[in-house]
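Undergrad: Quick one, final_10.cif (mmCIF, C-alpha atoms):
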data_target
#
loop_
_atom_site.label_atom_id
_atom_site.label_comp_id
_atom_site.auth_asym_id
_atom_site.auth_seq_id
_atom_site.Cartn_x
_atom_site.Cartn_y
_atom_site.Cartn_z
CA MET A 1 20.57 79.56 -12.32
CA ALA A 2 23.85 77.65 -12.11
CA ASP A 3 27.23 79.37 -12.12
CA LEU A 4 28.83 79.96 -15.51
CA TYR A 5 32.22 78.37 -16.06
CA LEU A 6 34.37 79.73 -18.88
CA PRO A 7 36.31 77.47 -21.26
CA GLY A 8 39.32 76.24 -19.31
CA GLY A 9 37.29 75.84 -16.12
CA ARG A 10 37.45 79.34 -14.60
CA LEU A 11 34.29 80.67 -12.93
CA ALA A 12 32.97 83.87 -14.51
CA ASP A 13 32.49 86.92 -12.29
CA ARG A 14 28.93 88.18 -11.76
CA ILE A 15 27.17 91.52 -11.52
CA GLU A 16 23.60 91.04 -10.30
CA LEU A 17 20.58 93.33 -10.36
CA THR A 18 17.53 91.96 -8.57
CA GLY A 19 14.01 93.26 -8.12
CA LEU A 20 13.95 95.87 -10.90
CA THR A 21 10.25 96.73 -11.02
CA ALA A 22 8.17 98.83 -13.41
CA THR A 23 4.72 98.92 -14.96
CA GLY A 24 4.45 97.38 -18.40
CA TYR A 25 1.63 96.67 -20.84
CA HIS A 26 2.57 93.16 -21.90
CA GLY A 27 0.15 90.27 -22.33
CA VAL A 28 -2.26 88.60 -24.70
CA PHE A 29 -5.44 90.00 -23.15
CA ASP A 30 -6.94 93.41 -23.92
CA GLU A 31 -7.10 94.42 -20.26
CA GLU A 32 -3.36 93.72 -19.84
CA ARG A 33 -2.56 96.01 -22.75
CA ARG A 34 -5.02 98.65 -21.47
CA ASP A 35 -4.43 98.68 -17.72
CA GLY A 36 -0.86 97.42 -17.43
CA GLN A 37 0.66 95.62 -14.47
CA GLU A 38 3.91 95.40 -12.54
CA PHE A 39 6.78 93.31 -13.86
CA THR A 40 9.93 92.56 -11.92
CA VAL A 41 13.23 91.61 -13.55
CA ASP A 42 16.38 89.98 -12.17
CA VAL A 43 19.56 90.13 -14.24
CA ILE A 44 22.91 88.41 -13.81
CA LEU A 45 25.73 89.75 -15.98
CA HIS A 46 28.54 87.22 -16.31
CA THR A 47 31.76 89.09 -16.95
CA SER A 48 35.34 89.62 -15.85
CA THR A 49 35.87 92.25 -13.18
CA SER A 50 39.66 91.90 -12.90
CA ARG A 51 40.53 94.95 -14.97
CA ALA A 52 38.11 97.19 -13.05
CA GLY A 53 39.22 95.76 -9.73
CA ALA A 54 42.83 96.61 -10.49
CA SER A 55 42.19 100.07 -11.95
CA ASP A 56 39.21 101.23 -9.83
CA ASP A 57 37.89 102.70 -13.09
CA LEU A 58 34.17 102.55 -13.91
CA ALA A 59 34.98 102.59 -17.61
CA GLN A 60 36.61 99.15 -17.22
CA THR A 61 33.42 97.40 -16.10
CA ILE A 62 29.70 97.23 -16.83
CA ASN A 63 27.84 100.20 -15.38
CA TYR A 64 24.99 98.56 -13.49
CA ALA A 65 23.05 101.85 -13.33
CA ASP A 66 23.02 102.00 -17.13
CA ALA A 67 22.03 98.33 -17.27
CA ALA A 68 19.10 99.02 -14.93
CA ASP A 69 17.99 101.92 -17.13
CA HIS A 70 17.97 99.62 -20.16
CA VAL A 71 15.84 97.03 -18.36
CA ILE A 72 13.25 99.59 -17.24
CA GLU A 73 13.16 101.11 -20.73
CA ILE A 74 12.29 97.73 -22.23
CA VAL A 75 9.71 96.84 -19.55
CA THR A 76 7.91 100.17 -19.96
CA GLY A 77 8.36 100.24 -23.73
CA GLU A 78 6.77 98.49 -26.68
CA PRO A 79 4.21 95.89 -25.51
CA VAL A 80 4.68 92.20 -26.33
CA ASP A 81 2.39 89.25 -25.84
CA LEU A 82 4.77 86.97 -23.98
CA ILE A 83 7.18 87.44 -21.09
CA GLU A 84 9.42 85.03 -23.01
CA THR A 85 9.76 87.75 -25.66
CA LEU A 86 10.34 90.37 -22.98
CA ALA A 87 13.14 88.25 -21.50
CA GLU A 88 14.76 87.85 -24.93
CA ARG A 89 14.73 91.59 -25.55
CA ILE A 90 16.29 92.30 -22.18
CA ALA A 91 18.95 89.64 -22.73
CA ASP A 92 19.87 91.07 -26.14
CA ARG A 93 20.28 94.54 -24.65
CA MET A 94 22.32 93.24 -21.72
CA LEU A 95 24.73 91.41 -24.04
CA GLY A 96 25.30 94.79 -25.67
CA THR A 97 26.86 96.01 -22.41
CA GLY A 98 29.84 93.71 -23.02
CA ALA A 99 28.75 90.86 -20.74
CA LEU A 100 30.07 87.42 -21.65
CA ALA A 101 26.65 85.93 -20.89
CA VAL A 102 23.45 87.00 -19.18
CA ASP A 103 20.73 85.37 -17.11
CA VAL A 104 17.37 87.13 -17.15
CA THR A 105 14.34 86.30 -15.01
CA VAL A 106 11.05 88.10 -15.69
CA HIS A 107 8.44 87.95 -12.93
CA LYS A 108 4.73 88.48 -13.66
CA PRO A 109 3.11 88.27 -10.21
CA SER A 110 -0.26 89.59 -11.43
CA ALA A 111 -0.62 87.17 -14.33
CA PRO A 112 -4.28 86.44 -15.25
CA ILE A 113 -4.53 82.98 -13.68
CA PRO A 114 -7.82 81.95 -11.99
CA HIS A 115 -6.03 80.22 -9.12
CA ALA A 116 -4.13 81.21 -6.01
CA PHE A 117 -0.44 81.64 -6.86
CA THR A 118 2.57 83.70 -5.86
CA ASP A 119 4.40 84.40 -9.09
CA VAL A 120 4.97 83.43 -12.71
CA THR A 121 8.56 83.62 -13.98
CA VAL A 122 10.52 82.94 -17.13
CA THR A 123 14.31 82.53 -16.82
CA ILE A 124 16.72 82.38 -19.76
CA ARG A 125 20.49 82.31 -20.24
CA ARG A 126 22.02 83.75 -23.39
CA LEU A 127 25.68 83.60 -24.36
CA GLY A 128 27.61 86.49 -25.84
CA GLU A 129 29.72 86.17 -28.98
CA LEU A 130 32.91 85.22 -27.14
CA LEU A 131 31.17 82.14 -25.70
CA ARG A 132 28.74 81.30 -28.50
CA PRO A 133 29.79 78.68 -31.10
CA PRO A 134 29.87 80.37 -34.52
CA LYS A 135 27.40 79.70 -37.33
CA PRO A 136 28.80 79.17 -39.90
CA ALA A 137 32.29 78.07 -38.86
CA ALA A 138 34.64 80.95 -38.12
CA ASP A 139 37.76 81.81 -40.11
CA VAL A 140 40.70 82.25 -37.77
CA VAL A 141 44.32 83.32 -37.95
CA VAL A 142 46.75 82.02 -35.32
CA GLY A 143 50.32 83.20 -34.85
CA ILE A 144 52.86 80.56 -33.80
CA GLY A 145 56.21 81.35 -32.20
CA SER A 146 58.99 79.89 -30.05
CA ASN A 147 62.45 80.90 -28.85
CA LEU A 148 63.20 78.20 -26.23
CA ASP A 149 63.97 74.48 -26.15
CA ASP A 150 64.59 73.87 -29.86
CA PRO A 151 62.21 76.44 -31.35
CA VAL A 152 61.97 74.74 -34.75
CA THR A 153 60.71 71.54 -33.14
CA GLN A 154 58.43 73.45 -30.77
CA VAL A 155 56.76 75.21 -33.71
CA GLU A 156 56.44 71.98 -35.68
CA VAL A 157 54.91 70.08 -32.76
CA GLY A 158 52.66 72.99 -31.76
CA ALA A 159 51.48 73.40 -35.35
CA GLY A 160 50.67 69.69 -35.54
CA LYS A 161 48.51 69.93 -32.43
CA LEU A 162 46.85 73.12 -33.68
CA ALA A 163 46.05 71.40 -36.99
CA ARG A 164 44.01 68.86 -35.02
CA VAL A 165 41.94 71.71 -33.51
CA LEU A 166 41.29 73.66 -36.72
CA GLU A 167 39.61 72.53 -39.94
CA TYR A 168 40.92 73.17 -43.47
CA GLU A 169 44.09 74.60 -42.01
CA GLN A 170 47.01 76.01 -43.94
CA MET A 171 50.39 77.04 -42.52
CA SER A 172 53.01 79.49 -43.73
CA ARG A 173 56.70 78.85 -43.94
CA THR A 174 58.65 79.56 -40.76
CA ARG A 175 60.69 82.72 -40.31
CA VAL A 176 63.44 83.68 -37.87
CA THR A 177 62.87 87.07 -36.24
CA ALA A 178 64.52 89.05 -33.48
CA ALA A 179 62.75 88.89 -30.11
CA GLU A 180 60.85 91.93 -28.89
CA VAL A 181 61.78 92.71 -25.28
CA ALA A 182 60.44 95.19 -22.78
CA PRO A 183 62.58 98.28 -22.13
CA GLY A 184 65.44 97.53 -19.76
CA MET A 185 65.07 93.76 -20.08
CA PRO A 186 67.90 91.52 -21.29
CA SER A 187 68.00 90.30 -24.87
CA GLN A 188 66.50 86.96 -25.83
CA PRO A 189 67.18 84.31 -28.46
CA ASN A 190 65.60 84.82 -31.87
CA TYR A 191 62.09 83.53 -32.47
CA VAL A 192 60.92 81.03 -35.04
CA ASN A 193 57.53 82.29 -36.26
CA ALA A 194 54.75 81.11 -38.54
CA VAL A 195 51.04 81.68 -39.11
CA MET A 196 48.26 79.13 -39.50
CA ILE A 197 44.81 79.89 -40.90
CA GLY A 198 41.78 77.63 -40.71
CA LYS A 199 38.18 77.26 -39.65
CA THR A 200 36.69 76.42 -36.27
CA THR A 201 33.33 75.72 -34.71
CA LEU A 202 34.71 76.69 -31.29
CA SER A 203 33.74 80.00 -29.73
CA PRO A 204 36.55 82.57 -29.41
CA LEU A 205 37.11 81.81 -25.71
CA ALA A 206 36.88 78.06 -26.27
CA LEU A 207 39.49 78.32 -29.01
CA LEU A 208 41.69 80.44 -26.73
CA ALA A 209 41.43 77.73 -24.07
CA GLU A 210 42.60 75.16 -26.64
CA LEU A 211 45.56 77.34 -27.64
CA GLN A 212 46.56 77.73 -24.00
CA ARG A 213 46.20 73.99 -23.43
CA ILE A 214 48.62 73.32 -26.30
CA GLU A 215 51.04 75.93 -24.93
CA ASP A 216 50.91 74.30 -21.51
CA GLU A 217 51.60 70.86 -23.01
CA GLN A 218 54.71 72.36 -24.59
CA GLY A 219 55.96 73.69 -21.25
CA ARG A 220 54.83 77.31 -21.52
CA ILE A 221 55.49 79.28 -18.32
CA ARG A 222 53.46 82.48 -17.87
CA GLU A 223 55.53 84.45 -15.39
CA GLU A 224 56.90 87.34 -17.43
CA VAL A 225 55.28 89.65 -19.98
CA TRP A 226 57.25 89.45 -23.25
CA GLY A 227 59.43 86.77 -21.67
CA PRO A 228 60.99 83.87 -23.62
CA ARG A 229 58.55 81.11 -24.53
CA THR A 230 58.66 77.48 -25.47
CA LEU A 231 55.50 78.04 -27.51
CA ASP A 232 53.34 81.09 -28.12
CA LEU A 233 49.97 80.71 -29.88
CA ASP A 234 48.25 84.06 -30.49
CA LEU A 235 44.68 84.31 -31.78
CA ILE A 236 45.15 87.11 -34.30
CA SER A 237 41.78 87.30 -36.02
CA TYR A 238 38.38 85.60 -35.71
CA LYS A 239 35.75 86.18 -38.40
CA VAL A 240 32.22 84.85 -38.81
CA ALA A 241 30.72 85.16 -42.29
CA ASP A 242 33.45 87.69 -43.18
CA ARG A 243 32.59 89.86 -40.16
CA GLU A 244 35.50 90.47 -37.84
CA VAL A 245 34.67 89.73 -34.20
CA LEU A 246 35.76 92.64 -32.01
CA SER A 247 36.53 92.30 -28.31
CA ASP A 248 38.29 94.31 -25.62
CA ASN A 249 37.52 91.72 -22.94
CA PRO A 250 40.36 91.35 -20.40
CA ASP A 251 40.74 87.69 -21.37
CA LEU A 252 40.77 88.18 -25.14
CA THR A 253 41.35 91.21 -27.33
CA LEU A 254 40.21 90.77 -30.93
CA PRO A 255 41.70 91.32 -33.35
CA HIS A 256 45.17 91.10 -31.80
CA PRO A 257 46.00 94.71 -30.90
CA ARG A 258 49.60 94.68 -32.20
CA ALA A 259 49.35 92.29 -35.15
CA HIS A 260 49.41 95.08 -37.75
CA MET A 261 52.77 96.28 -36.39
CA ARG A 262 54.47 92.88 -36.57
CA SER A 263 56.04 91.80 -39.83
CA PHE A 264 56.47 88.29 -38.41
CA VAL A 265 52.66 88.09 -38.35
CA MET A 266 51.68 90.07 -41.43
CA GLU A 267 54.19 88.58 -43.88
CA PRO A 268 53.43 84.90 -43.21
CA TRP A 269 49.69 85.71 -43.09
CA ALA A 270 49.92 87.33 -46.51
CA GLU A 271 51.74 84.23 -47.75
CA VAL A 272 48.85 81.88 -46.93
CA ASP A 273 45.97 84.33 -47.31
CA PRO A 274 46.95 87.16 -49.69
CA TRP A 275 43.40 88.51 -49.81
CA GLY A 276 42.97 88.54 -46.03
CA LYS A 277 41.86 91.61 -44.13
CA LEU A 278 42.67 93.01 -40.71
CA ARG A 279 40.48 95.77 -39.29
CA GLY A 280 38.92 96.17 -42.73
CA LYS A 281 42.21 96.67 -44.58
CA ARG A 282 43.95 94.28 -46.98
CA ILE A 283 46.91 92.87 -45.14
CA ARG A 284 49.15 93.06 -48.20
#
Please re-express this file's structure in structure tokens.
TA:
Amino acid sequence: MADLYLPGGRLADRIELTGLTATGYHGVFDEERRDGQEFTVDVILHTSTSRAGASDDLAQTINYADAADHVIEIVTGEPVDLIETLAERIADRMLGTGALAVDVTVHKPSAPIPHAFTDVTVTIRRLGELLRPPKPAADVVVGIGSNLDDPVTQVEVGAGKLARVLEYEQMSRTRVTAAEVAPGMPSQPNYVNAVMIGKTTLSPLALLAELQRIEDEQGRIREEVWGPRTLDLDLISYKVADREVLSDNPDLTLPHPRAHMRSFVMEPWAEVDPWGKLRGKRIR
């Protein structure tokens, strides 16, 4: 199956397991359910390996041994009529490992076909929640900030562009707040901050790519953590049908891990959405 490109054009990393083989009792015929046959499964886990590569820590990646155990458990488990169903069950379990997307191929080389053949396969690709467009539209909260190059104008222009990405948007008043700086770093100009809420039919990573595109158009330079910024657009919260999407993916942490500690996020959010919740708690 073709490579998977993430929103913004970056190629996803891959963890592949090929040739996982076990006896299963799947099929529509009585003899298949009674006698069983060998099934072979190939799995591609699309993910980001950067955090694990930097830390050399197994906990920061998908454990392929555990993934293989899950596949074999499903193949040898409850019988189904169709290998299409078997592929769906494997894909669902693999997405539970934290993969951004999965490709699953199920091979049935002993399929009951009265002709000479080598193999029968079904291949599917399923997207995880960070790549899957929401149904219904998601409710999102975006923090807006600037402390360079006329911050008031930067926030106004950035908010105008963001309003063309979101639906039914509403923006708070702007606030001036002191810049947070890393220990030992020089002070920075004050920030102008605001919050916008709205709805989107973009997946979380697709929306993040749009936020970064707007930042880039406004001259954002990404060289220094907590450095001064012409425009900073933070995806604070992403909810589908009132359920908060949770993610610790290296590319996108949801909800924003420090939002609850930042008055310049919580106060303007409460202004436009007084009944909003963050991590299950009323933001007010």
Undergrad: Ranking A:Leu252, A:Asp139, A:Ile221, A:Val192 by minimum distance to Gly276 in chain A and counting all atoms listed in the file, which one comes first?
TA: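 Among A:Leu252, A:Asp139, A:Ile221, A:Val192, it is A:Asp139 that comes nearest to Gly276 in chain A.
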Undergrad: Pick from A:Thr40, A:Thr153, A:Thr174, A:Asn190: nearest to Thr123 in chain A, with only C-alpha atoms counted?
TA: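 Checking each of A:Thr40, A:Thr153, A:Thr174, A:Asn190 against Thr123 in chain A, counting only C-alpha atoms, the winner is A:Thr40.
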Undergrad: Suppose a student applies the PyMOL selection byres ((chain A and resi 94-103) around 10) to this structure; what residues should they get, written as a VMD selection string?
TA: chain A and resid 1 to 2 4 6 12 to 16 42 to 48 61 to 64 66 to 68 70 to 71 87 to 93 104 to 105 123 to 132 205 247 to 249
Undergrad: Write the residues you've just listed into a file as an mmCIF file, in the frame of the given file, and include C-alpha atoms for each of them.
TA:
data_model
loop_
_atom_site.group_PDB
_atom_site.id
_atom_site.type_symbol
_atom_site.label_atom_id
_atom_site.label_comp_id
_atom_site.auth_asym_id
_atom_site.auth_seq_id
_atom_site.Cartn_x
_atom_site.Cartn_y
_atom_site.Cartn_z
ATOM 1 C CA MET A 1 20.570 79.560 -12.320
ATOM 2 C CA ALA A 2 23.850 77.650 -12.110
ATOM 3 C CA LEU A 4 28.830 79.960 -15.510
ATOM 4 C CA LEU A 6 34.370 79.730 -18.880
ATOM 5 C CA ALA A 12 32.970 83.870 -14.510
ATOM 6 C CA ASP A 13 32.490 86.920 -12.290
ATOM 7 C CA ARG A 14 28.930 88.180 -11.760
ATOM 8 C CA ILE A 15 27.170 91.520 -11.520
ATOM 9 C CA GLU A 16 23.600 91.040 -10.300
ATOM 10 C CA ASP A 42 16.380 89.980 -12.170
ATOM 11 C CA VAL A 43 19.560 90.130 -14.240
ATOM 12 C CA ILE A 44 22.910 88.410 -13.810
ATOM 13 C CA LEU A 45 25.730 89.750 -15.980
ATOM 14 C CA HIS A 46 28.540 87.220 -16.310
ATOM 15 C CA THR A 47 31.760 89.090 -16.950
ATOM 16 C CA SER A 48 35.340 89.620 -15.850
ATOM 17 C CA THR A 61 33.420 97.400 -16.100
ATOM 18 C CA ILE A 62 29.700 97.230 -16.830
ATOM 19 C CA ASN A 63 27.840 100.200 -15.380
ATOM 20 C CA TYR A 64 24.990 98.560 -13.490
ATOM 21 C CA ASP A 66 23.020 102.000 -17.130
ATOM 22 C CA ALA A 67 22.030 98.330 -17.270
ATOM 23 C CA ALA A 68 19.100 99.020 -14.930
ATOM 24 C CA HIS A 70 17.970 99.620 -20.160
ATOM 25 C CA VAL A 71 15.840 97.030 -18.360
ATOM 26 C CA ALA A 87 13.140 88.250 -21.500
ATOM 27 C CA GLU A 88 14.760 87.850 -24.930
ATOM 28 C CA ARG A 89 14.730 91.590 -25.550
ATOM 29 C CA ILE A 90 16.290 92.300 -22.180
ATOM 30 C CA ALA A 91 18.950 89.640 -22.730
ATOM 31 C CA ASP A 92 19.870 91.070 -26.140
ATOM 32 C CA ARG A 93 20.280 94.540 -24.650
ATOM 33 C CA VAL A 104 17.370 87.130 -17.150
ATOM 34 C CA THR A 105 14.340 86.300 -15.010
ATOM 35 C CA THR A 123 14.310 82.530 -16.820
ATOM 36 C CA ILE A 124 16.720 82.380 -19.760
ATOM 37 C CA ARG A 125 20.490 82.310 -20.240
ATOM 38 C CA ARG A 126 22.020 83.750 -23.390
ATOM 39 C CA LEU A 127 25.680 83.600 -24.360
ATOM 40 C CA GLY A 128 27.610 86.490 -25.840
ATOM 41 C CA GLU A 129 29.720 86.170 -28.980
ATOM 42 C CA LEU A 130 32.910 85.220 -27.140
ATOM 43 C CA LEU A 131 31.170 82.140 -25.700
ATOM 44 C CA ARG A 132 28.740 81.300 -28.500
ATOM 45 C CA LEU A 205 37.110 81.810 -25.710
ATOM 46 C CA SER A 247 36.530 92.300 -28.310
ATOM 47 C CA ASP A 248 38.290 94.310 -25.620
ATOM 48 C CA ASN A 249 37.520 91.720 -22.940
#
Undergrad: Quick one: apply the PyMOL selection byres ((chain A and resi 35) around 10) to the file and drop the selected residues here as a PyMOL selection string.
TA: chain A and resi 23-26+30-34+36-37
Undergrad: What gap, in Å, lies between CA of Val140 in chain A and CA of Gln212 in chain A?
TA: 15.6 Å
Undergrad: One decimal, in Å: what's the spacing between CA of Trp226 in chain A and CA of Tyr238 in chain A?
TA: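 Spanning CA of Trp226 in chain A to CA of Tyr238 in chain A is a straight-line distance of 22.9 Å.
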Undergrad: Please complete range 50-61 of chain A so it has N, CA and C atoms, and hand it over as a compact mmCIF listing (two decimals), in the frame of the given file.
TA:
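Saved result, result.txt, follows:
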# COMPACT_ATOMS: atom_id res chain seq x y z
N SER A 50 38.27 91.75 -13.32
CA SER A 50 39.66 91.90 -12.90
C SER A 50 40.24 93.25 -13.30
N ARG A 51 39.97 93.68 -14.51
CA ARG A 51 40.53 94.95 -14.97
C ARG A 51 39.99 96.11 -14.14
N ALA A 52 38.69 96.12 -13.87
CA ALA A 52 38.11 97.19 -13.05
C ALA A 52 38.60 97.12 -11.62
N GLY A 53 38.74 95.89 -11.10
CA GLY A 53 39.22 95.76 -9.73
C GLY A 53 40.63 96.29 -9.55
N ALA A 54 41.45 96.13 -10.58
CA ALA A 54 42.83 96.61 -10.49
C ALA A 54 42.94 98.11 -10.71
N SER A 55 42.06 98.65 -11.58
CA SER A 55 42.19 100.07 -11.95
C SER A 55 41.28 100.99 -11.15
N ASP A 56 40.23 100.43 -10.51
CA ASP A 56 39.21 101.23 -9.83
C ASP A 56 38.58 102.25 -10.77
N ASP A 57 38.37 101.81 -12.03
CA ASP A 57 37.89 102.70 -13.09
C ASP A 57 36.55 102.16 -13.59
N LEU A 58 35.50 102.96 -13.47
CA LEU A 58 34.17 102.55 -13.91
C LEU A 58 34.14 102.19 -15.39
N ALA A 59 34.98 102.85 -16.18
CA ALA A 59 34.98 102.59 -17.61
C ALA A 59 35.46 101.18 -17.95
N GLN A 60 36.08 100.49 -16.99
CA GLN A 60 36.61 99.15 -17.22
C GLN A 60 35.64 98.04 -16.81
N THR A 61 34.40 98.41 -16.50
CA THR A 61 33.42 97.40 -16.10
C THR A 61 32.07 97.76 -16.69
